[in-house]
Amino acid sequence: MRKLLLTTVSAAVVAMPAFAGGVTDKEIVIGTSTDLSGVTVEWGVNNSNAIRMAFEEQNAKGGINGRMIKYIVEDSQYQVPRHVQAVNKLINRDNVFLMIANGGTPMNNATLPTQIEKQVPNMFPLTSARSMYTPLNKFKFGLASSYYDQIRAGLKYFVDNKGKKHICAASQDTDFGRDVMDGVRDQLKAMEGKASLVAETLHKPTDTDFSAAVAKLRDAKCDIVVLGTIVRDTLQFVGAARKVGWNVDMIGQAAIYDSAVAQVAGGVTEGVYTMTPVLFVAVDDPRREVKTFADDYKKKYGHVPNFAAQIGYTAAQVTIAALNNAGKDLNADSFIGGVEKIKDYKDIFGSPPMTFTKDKHQGSNESFLAQVKDGRWVAVSDAPLGY
């Protein structure tokens with residue numbers, strides 16, 4: 001009897017399929033740590049909402065090779081300690097297979113070593129920092145152009161086409177802000193004296209008083225200000241500048257490309273420029289797929305989707321495509337191979353085509369120039385800019 005029992009148990013062990021962490025024969029566990037209640041709440045909530053909606057749509061179709069997606073979101077409040085805690089929970093307790101759209105540059109930088117050690121892919125984080133995909137690592141993937149790419153292309157355009165010579169910058173004193181400033185300095189160096197950085201201010205993400213920063217930059221007599229800001233600090237900085245009658249041109253990057261920046265009462269942000277990896281599609285867009293997305297999102301969450309929701313939906317769809325490419329035998333290597341099979345992926349919003357290879361983990365590096373006009377972001381040109 002004992003021999004028979006051992007033989008039966010051994011056969012059962014051999015017969016059981018070997019799955020990667022976070023994967024069973026019926027489920028794939030995916031996690032996100034993002035800002036649901038902090039200074040970038042407009043980004044974190046809308047982005048993760050759209051990802052959840054995309055995954056639920058896929059589950060309604062039968063999931064991925066017969067597996068349902070279980071999606072778990074934790075609130076980092078845009079604070080590094082909270083994010084570290086959330087990621088540890090998602091990896092060690094929830095046993096996630098991959099993470100998608102983790103929010104914030106400093107937050108991702110703090111936990112990427114842990115994810116790499118645990119072999120948990122970091123997919124399309126909610127930041128355009130270069131460190132999300134460079135140096136090349138099999139577990140790191142970025143969706144589109146970096147803040148660095150965007151600022152270099154934008155500065156080149158304004159110096160070459162608008163004659164800007166005296167550059168100022170107001171940026172967060174964070175990894176995100178430093179990535180923006182690297183773009184400023186490298187592009188000015190590349191333009192060989194055509195323009196110079198005449199003044200710079202730094203601030204914390206939680207700062208609310210920008211009167212001194214505005215006074216310093218105004219006194220420097222700059223003709224354009226680069227914004228290394230996100231949503232809330234953008235509104236506060238621009239508001240402080242307009243309050244004292246300073247109507248200098250300002251240019252940001254994808255982190256300010258939000259309807260909350262464009263739709264400020266009284267037209268405070270009218271005329272502000274930004275660079276963006278993809279163009280925001282209005283909810284009244286006539287394309288059927290876009291209209292369906294906007295209608296479904298509003299019905300589910302009670303408000304229209306913003307740009308962060310659009311990015312989230314695309315990030316989820318690319319991840320779904322990679323999971324499908326990986327096949328039934330799903331593990332980290334087959335999933336990464338599935339991402340690297342994606343060529344010229346086109347989303348429903350008309351974004352630049354996205355391609356991944358073993359040597360390139362950034363989907364696209366093209367960016368567009370947009371400006372606030374009549375309370376909406378309007379594309380200055382339909383063609384992307386480079387440097």
# chains A, B, ... in the order shown; residues from 1 in each chain; ligands from 1
$ residues_around --residues "A:Leu227" --least-positions-apart "4" --cutoff "10 Å" --atoms "only C-alpha atoms" --output "count of residues only"
21
$ select_by_dssp --residues "stretch 66-150 of chain A" --states "helix (DSSP H, G or I)" --output "mmCIF file with N, CA and C atoms, in the first residue's frame"
data_model
loop_
_atom_site.group_PDB
_atom_site.id
_atom_site.type_symbol
_atom_site.label_atom_id
_atom_site.label_comp_id
_atom_site.auth_asym_id
_atom_site.auth_seq_id
_atom_site.Cartn_x
_atom_site.Cartn_y
_atom_site.Cartn_z
ATOM 1 N N VAL A 80 7.942 57.419 -2.822
ATOM 2 C CA VAL A 80 8.827 56.268 -2.988
ATOM 3 C C VAL A 80 8.627 55.209 -1.901
ATOM 4 N N PRO A 81 8.578 55.559 -0.608
ATOM 5 C CA PRO A 81 8.397 54.509 0.404
ATOM 6 C C PRO A 81 7.090 53.731 0.227
ATOM 7 N N ARG A 82 6.008 54.433 -0.112
ATOM 8 C CA ARG A 82 4.737 53.750 -0.324
ATOM 9 C C ARG A 82 4.807 52.826 -1.542
ATOM 10 N N HIS A 83 5.517 53.289 -2.573
ATOM 11 C CA HIS A 83 5.657 52.472 -3.776
ATOM 12 C C HIS A 83 6.468 51.210 -3.495
ATOM 13 N N VAL A 84 7.568 51.348 -2.765
ATOM 14 C CA VAL A 84 8.397 50.190 -2.422
ATOM 15 C C VAL A 84 7.563 49.175 -1.649
ATOM 16 N N GLN A 85 6.779 49.667 -0.708
ATOM 17 C CA GLN A 85 5.918 48.790 0.074
ATOM 18 C C GLN A 85 4.900 48.081 -0.820
ATOM 19 N N ALA A 86 4.307 48.833 -1.746
ATOM 20 C CA ALA A 86 3.291 48.263 -2.635
ATOM 21 C C ALA A 86 3.885 47.198 -3.560
ATOM 22 N N VAL A 87 5.053 47.474 -4.120
ATOM 23 C CA VAL A 87 5.686 46.518 -5.029
ATOM 24 C C VAL A 87 6.082 45.251 -4.282
ATOM 25 N N ASN A 88 6.622 45.400 -3.079
ATOM 26 C CA ASN A 88 6.961 44.217 -2.284
ATOM 27 C C ASN A 88 5.731 43.361 -2.015
ATOM 28 N N LYS A 89 4.614 44.013 -1.733
ATOM 29 C CA LYS A 89 3.373 43.287 -1.501
ATOM 30 C C LYS A 89 2.914 42.569 -2.766
ATOM 31 N N LEU A 90 2.952 43.265 -3.892
ATOM 32 C CA LEU A 90 2.498 42.675 -5.150
ATOM 33 C C LEU A 90 3.366 41.492 -5.571
ATOM 34 N N ILE A 91 4.673 41.595 -5.362
ATOM 35 C CA ILE A 91 5.573 40.516 -5.767
ATOM 36 C C ILE A 91 5.537 39.349 -4.780
ATOM 37 N N ASN A 92 5.645 39.656 -3.492
ATOM 38 C CA ASN A 92 5.826 38.606 -2.492
ATOM 39 C C ASN A 92 4.531 38.012 -1.964
ATOM 40 N N THR A 105 8.809 58.276 -12.061
ATOM 41 C CA THR A 105 10.216 57.970 -12.332
ATOM 42 C C THR A 105 10.973 57.510 -11.080
ATOM 43 N N PRO A 106 10.976 58.308 -9.993
ATOM 44 C CA PRO A 106 11.744 57.868 -8.827
ATOM 45 C C PRO A 106 11.209 56.580 -8.221
ATOM 46 N N MET A 107 9.906 56.355 -8.338
ATOM 47 C CA MET A 107 9.314 55.134 -7.787
ATOM 48 C C MET A 107 9.807 53.911 -8.564
ATOM 49 N N ASN A 108 9.738 53.973 -9.886
ATOM 50 C CA ASN A 108 10.210 52.863 -10.709
ATOM 51 C C ASN A 108 11.703 52.610 -10.510
ATOM 52 N N ASN A 109 12.481 53.680 -10.466
ATOM 53 C CA ASN A 109 13.922 53.511 -10.277
ATOM 54 C C ASN A 109 14.235 52.818 -8.948
ATOM 55 N N ALA A 110 13.395 53.052 -7.941
ATOM 56 C CA ALA A 110 13.631 52.461 -6.624
ATOM 57 C C ALA A 110 13.372 50.963 -6.599
ATOM 58 N N THR A 111 12.459 50.483 -7.445
ATOM 59 C CA THR A 111 12.063 49.071 -7.363
ATOM 60 C C THR A 111 12.465 48.231 -8.571
ATOM 61 N N LEU A 112 13.012 48.842 -9.591
ATOM 62 C CA LEU A 112 13.443 48.066 -10.753
ATOM 63 C C LEU A 112 14.468 46.982 -10.383
ATOM 64 N N PRO A 113 15.446 47.261 -9.515
ATOM 65 C CA PRO A 113 16.384 46.188 -9.157
ATOM 66 C C PRO A 113 15.697 44.973 -8.549
ATOM 67 N N THR A 114 14.683 45.201 -7.725
ATOM 68 C CA THR A 114 13.953 44.088 -7.120
ATOM 69 C C THR A 114 13.198 43.297 -8.177
ATOM 70 N N GLN A 115 12.545 44.001 -9.099
ATOM 71 C CA GLN A 115 11.799 43.313 -10.150
ATOM 72 C C GLN A 115 12.723 42.488 -11.038
ATOM 73 N N ILE A 116 13.869 43.052 -11.360
ATOM 74 C CA ILE A 116 14.820 42.316 -12.199
ATOM 75 C C ILE A 116 15.326 41.074 -11.469
ATOM 76 N N GLU A 117 15.633 41.239 -10.176
ATOM 77 C CA GLU A 117 16.106 40.102 -9.377
ATOM 78 C C GLU A 117 15.036 39.004 -9.321
ATOM 79 N N LYS A 118 13.779 39.401 -9.183
ATOM 80 C CA LYS A 118 12.676 38.446 -9.084
ATOM 81 C C LYS A 118 12.147 38.017 -10.451
ATOM 82 N N ARG A 130 14.129 57.746 -19.456
ATOM 83 C CA ARG A 130 14.972 56.828 -20.225
ATOM 84 C C ARG A 130 15.341 55.580 -19.431
ATOM 85 N N SER A 131 15.428 55.723 -18.114
ATOM 86 C CA SER A 131 15.841 54.585 -17.291
ATOM 87 C C SER A 131 14.825 53.450 -17.305
ATOM 88 N N MET A 132 13.665 53.692 -17.890
ATOM 89 C CA MET A 132 12.662 52.636 -17.965
ATOM 90 C C MET A 132 13.006 51.589 -19.026
ATOM 91 N N TYR A 147 11.042 61.624 -21.898
ATOM 92 C CA TYR A 147 11.053 63.063 -21.614
ATOM 93 C C TYR A 147 12.279 63.692 -22.260
ATOM 94 N N TYR A 148 13.389 62.995 -22.186
ATOM 95 C CA TYR A 148 14.647 63.463 -22.774
ATOM 96 C C TYR A 148 14.478 63.683 -24.277
ATOM 97 N N ASP A 149 13.929 62.689 -24.981
ATOM 98 C CA ASP A 149 13.686 62.818 -26.424
ATOM 99 C C ASP A 149 12.767 63.994 -26.715
ATOM 100 N N GLN A 150 11.694 64.101 -25.940
ATOM 101 C CA GLN A 150 10.681 65.129 -26.181
ATOM 102 C C GLN A 150 11.251 66.540 -26.024
#
$ closest_residue --among "A:Phe293, A:Tyr301, A:Tyr257, A:Phe158" --to "A:Asp347" --atoms "only C-alpha atoms"
A:Phe293
$ atom_distance --atom1 "atom CA of A:Arg93" --atom2 "atom CA of A:Asp75"
15.7 Å
$ atom_distance --atom1 "atom CA of A:Lys204" --atom2 "atom CA of A:Ser76"
16.8 Å
$ closest_atom_pairs --of "stretch 29-120 of chain A" --to "stretch 312-326 of chain A" --cutoff "8 Å" --atoms "only C-alpha atoms" --output "JSON lines"
{"residue": "A:Asn46", "atom": "CA", "partner": "A:Gly312", "partner_atom": "CA", "distance": 7.8}
{"residue": "A:Asn47", "atom": "CA", "partner": "A:Gly312", "partner_atom": "CA", "distance": 4.6}
{"residue": "A:Ser48", "atom": "CA", "partner": "A:Gly312", "partner_atom": "CA", "distance": 6.5}
{"residue": "A:Asn49", "atom": "CA", "partner": "A:Gly312", "partner_atom": "CA", "distance": 7.9}
{"residue": "A:Ala50", "atom": "CA", "partner": "A:Tyr313", "partner_atom": "CA", "distance": 5.1}
{"residue": "A:Ile51", "atom": "CA", "partner": "A:Gly312", "partner_atom": "CA", "distance": 5.2}
{"residue": "A:Met53", "atom": "CA", "partner": "A:Tyr313", "partner_atom": "CA", "distance": 7.8}
{"residue": "A:Ala54", "atom": "CA", "partner": "A:Tyr313", "partner_atom": "CA", "distance": 6.1}
{"residue": "A:Phe55", "atom": "CA", "partner": "A:Ala316", "partner_atom": "CA", "distance": 7.1}
{"residue": "A:Ile64", "atom": "CA", "partner": "A:Asn324", "partner_atom": "CA", "distance": 6.1}
{"residue": "A:Asn65", "atom": "CA", "partner": "A:Asn324", "partner_atom": "CA", "distance": 6.9}
{"residue": "A:Ile100", "atom": "CA", "partner": "A:Ala315", "partner_atom": "CA", "distance": 7.9}
{"residue": "A:Ala101", "atom": "CA", "partner": "A:Gly312", "partner_atom": "CA", "distance": 7.3}
$ write_last_selection --atoms "N, CA and C atoms" --output "mmCIF file, in the first residue's frame"
data_model
loop_
_atom_site.group_PDB
_atom_site.id
_atom_site.type_symbol
_atom_site.label_atom_id
_atom_site.label_comp_id
_atom_site.auth_asym_id
_atom_site.auth_seq_id
_atom_site.Cartn_x
_atom_site.Cartn_y
_atom_site.Cartn_z
ATOM 1 N N ASN A 46 -6.779 57.434 -13.879
ATOM 2 C CA ASN A 46 -7.271 57.240 -15.241
ATOM 3 C C ASN A 46 -6.498 56.159 -15.979
ATOM 4 N N ASN A 47 -5.186 56.132 -15.774
ATOM 5 C CA ASN A 47 -4.353 55.140 -16.439
ATOM 6 C C ASN A 47 -4.703 53.727 -16.008
ATOM 7 N N SER A 48 -4.775 53.501 -14.703
ATOM 8 C CA SER A 48 -5.078 52.153 -14.207
ATOM 9 C C SER A 48 -6.522 51.761 -14.490
ATOM 10 N N ASN A 49 -7.436 52.730 -14.502
ATOM 11 C CA ASN A 49 -8.826 52.433 -14.874
ATOM 12 C C ASN A 49 -8.904 51.873 -16.296
ATOM 13 N N ALA A 50 -8.202 52.512 -17.220
ATOM 14 C CA ALA A 50 -8.240 52.079 -18.620
ATOM 15 C C ALA A 50 -7.595 50.708 -18.791
ATOM 16 N N ILE A 51 -6.520 50.461 -18.048
ATOM 17 C CA ILE A 51 -5.883 49.144 -18.102
ATOM 18 C C ILE A 51 -6.851 48.073 -17.604
ATOM 19 N N MET A 53 -10.073 48.188 -17.629
ATOM 20 C CA MET A 53 -11.133 48.017 -18.612
ATOM 21 C C MET A 53 -10.672 47.137 -19.770
ATOM 22 N N ALA A 54 -9.444 47.350 -20.242
ATOM 23 C CA ALA A 54 -8.908 46.546 -21.344
ATOM 24 C C ALA A 54 -8.788 45.082 -20.946
ATOM 25 N N PHE A 55 -8.310 44.829 -19.731
ATOM 26 C CA PHE A 55 -8.169 43.454 -19.264
ATOM 27 C C PHE A 55 -9.532 42.779 -19.087
ATOM 28 N N ILE A 64 -6.595 34.983 -22.080
ATOM 29 C CA ILE A 64 -5.372 34.766 -22.860
ATOM 30 C C ILE A 64 -5.063 33.277 -22.877
ATOM 31 N N ASN A 65 -5.248 32.644 -24.017
ATOM 32 C CA ASN A 65 -4.998 31.201 -24.114
ATOM 33 C C ASN A 65 -5.691 30.436 -22.985
ATOM 34 N N ILE A 100 2.648 46.409 -14.737
ATOM 35 C CA ILE A 100 2.376 47.306 -15.844
ATOM 36 C C ILE A 100 2.044 48.691 -15.307
ATOM 37 N N ALA A 101 2.597 49.716 -15.958
ATOM 38 C CA ALA A 101 2.254 51.115 -15.690
ATOM 39 C C ALA A 101 2.500 51.532 -14.247
#
$ closest_residue --among "A:His166, A:Lys221, A:Leu202, A:Asp374" --to "A:Gly267" --atoms "only C-alpha atoms"
A:Asp374
$ select_by_dssp --residues "stretch 62-225 of chain A" --states "strand (DSSP E)" --output "PyMOL selection string"
chain A and resi 68-75+98-100+122-123+140-141+166-172+196-203+224-225
$ write_last_selection --atoms "C-alpha atoms" --output "PDB file, in the first residue's frame"
ATOM      1  CA  MET A  68      -8.210  35.036 -17.075  1.00  0.00           C
ATOM      2  CA  ILE A  69      -6.274  38.162 -16.116  1.00  0.00           C
ATOM      3  CA  LYS A  70      -6.401  39.072 -12.419  1.00  0.00           C
ATOM      4  CA  TYR A  71      -5.443  42.741 -12.071  1.00  0.00           C
ATOM      5  CA  ILE A  72      -4.348  44.213  -8.715  1.00  0.00           C
ATOM      6  CA  VAL A  73      -3.687  47.947  -8.204  1.00  0.00           C
ATOM      7  CA  GLU A  74      -1.989  49.494  -5.163  1.00  0.00           C
ATOM      8  CA  ASP A  75      -1.831  53.197  -4.218  1.00  0.00           C
ATOM      9  CA  LEU A  98       4.391  41.087 -14.451  1.00  0.00           C
ATOM     10  CA  MET A  99       3.875  44.720 -13.528  1.00  0.00           C
ATOM     11  CA  ILE A 100       2.376  47.306 -15.844  1.00  0.00           C
ATOM     12  CA  ASN A 122       8.278  46.035 -15.813  1.00  0.00           C
ATOM     13  CA  MET A 123       5.953  46.905 -18.670  1.00  0.00           C
ATOM     14  CA  LYS A 140      12.441  46.580 -18.891  1.00  0.00           C
ATOM     15  CA  PHE A 141      10.122  47.980 -21.585  1.00  0.00           C
ATOM     16  CA  HIS A 166      17.638  82.555 -23.716  1.00  0.00           C
ATOM     17  CA  ILE A 167      16.353  79.385 -22.107  1.00  0.00           C
ATOM     18  CA  CYS A 168      15.038  78.999 -18.560  1.00  0.00           C
ATOM     19  CA  ALA A 169      13.839  75.880 -16.805  1.00  0.00           C
ATOM     20  CA  ALA A 170      11.596  75.102 -13.832  1.00  0.00           C
ATOM     21  CA  SER A 171      11.795  71.432 -12.880  1.00  0.00           C
ATOM     22  CA  GLN A 172      11.157  69.032 -10.066  1.00  0.00           C
ATOM     23  CA  SER A 196      21.965  79.051 -23.614  1.00  0.00           C
ATOM     24  CA  LEU A 197      20.428  78.141 -20.263  1.00  0.00           C
ATOM     25  CA  VAL A 198      20.259  81.470 -18.404  1.00  0.00           C
ATOM     26  CA  ALA A 199      18.426  80.388 -15.241  1.00  0.00           C
ATOM     27  CA  GLU A 200      16.998  77.285 -13.571  1.00  0.00           C
ATOM     28  CA  THR A 201      14.829  76.589 -10.532  1.00  0.00           C
ATOM     29  CA  LEU A 202      14.171  73.326  -8.701  1.00  0.00           C
ATOM     30  CA  HIS A 203      11.197  72.368  -6.547  1.00  0.00           C
ATOM     31  CA  ILE A 224      11.096  80.410 -23.214  1.00  0.00           C
ATOM     32  CA  VAL A 225      10.713  78.287 -20.078  1.00  0.00           C
TER      33      VAL A 225
END
$ atom_distance --atom1 "atom CA of A:Ile30" --atom2 "atom CA of A:Tyr345"
21.7 Å
$ closest_residue --among "A:Ser211, A:Thr40, A:Gln371, A:Gln119" --to "A:Ala241" --atoms "only C-alpha atoms"
A:Ser211
$ closest_residue --among "A:Ala190, A:Ala332, A:Asp296, A:Val304" --to "A:Val96" --atoms "only C-alpha atoms"
A:Ala332
$ closest_residue --among "A:Met275, A:Ala129, A:Val268, A:Lys328" --to "A:Ile28" --atoms "only C-alpha atoms"
A:Lys328
$ residues_around --residues "A:Phe368" --least-positions-apart "6" --cutoff "7 Å" --atoms "only C-alpha atoms" --output "ChimeraX atom specification"
/A:275-278,383-385
$ closest_residue --among "A:Arg376, A:Lys343, A:His303, A:Lys156" --to "A:Val45" --atoms "only C-alpha atoms"
A:His303
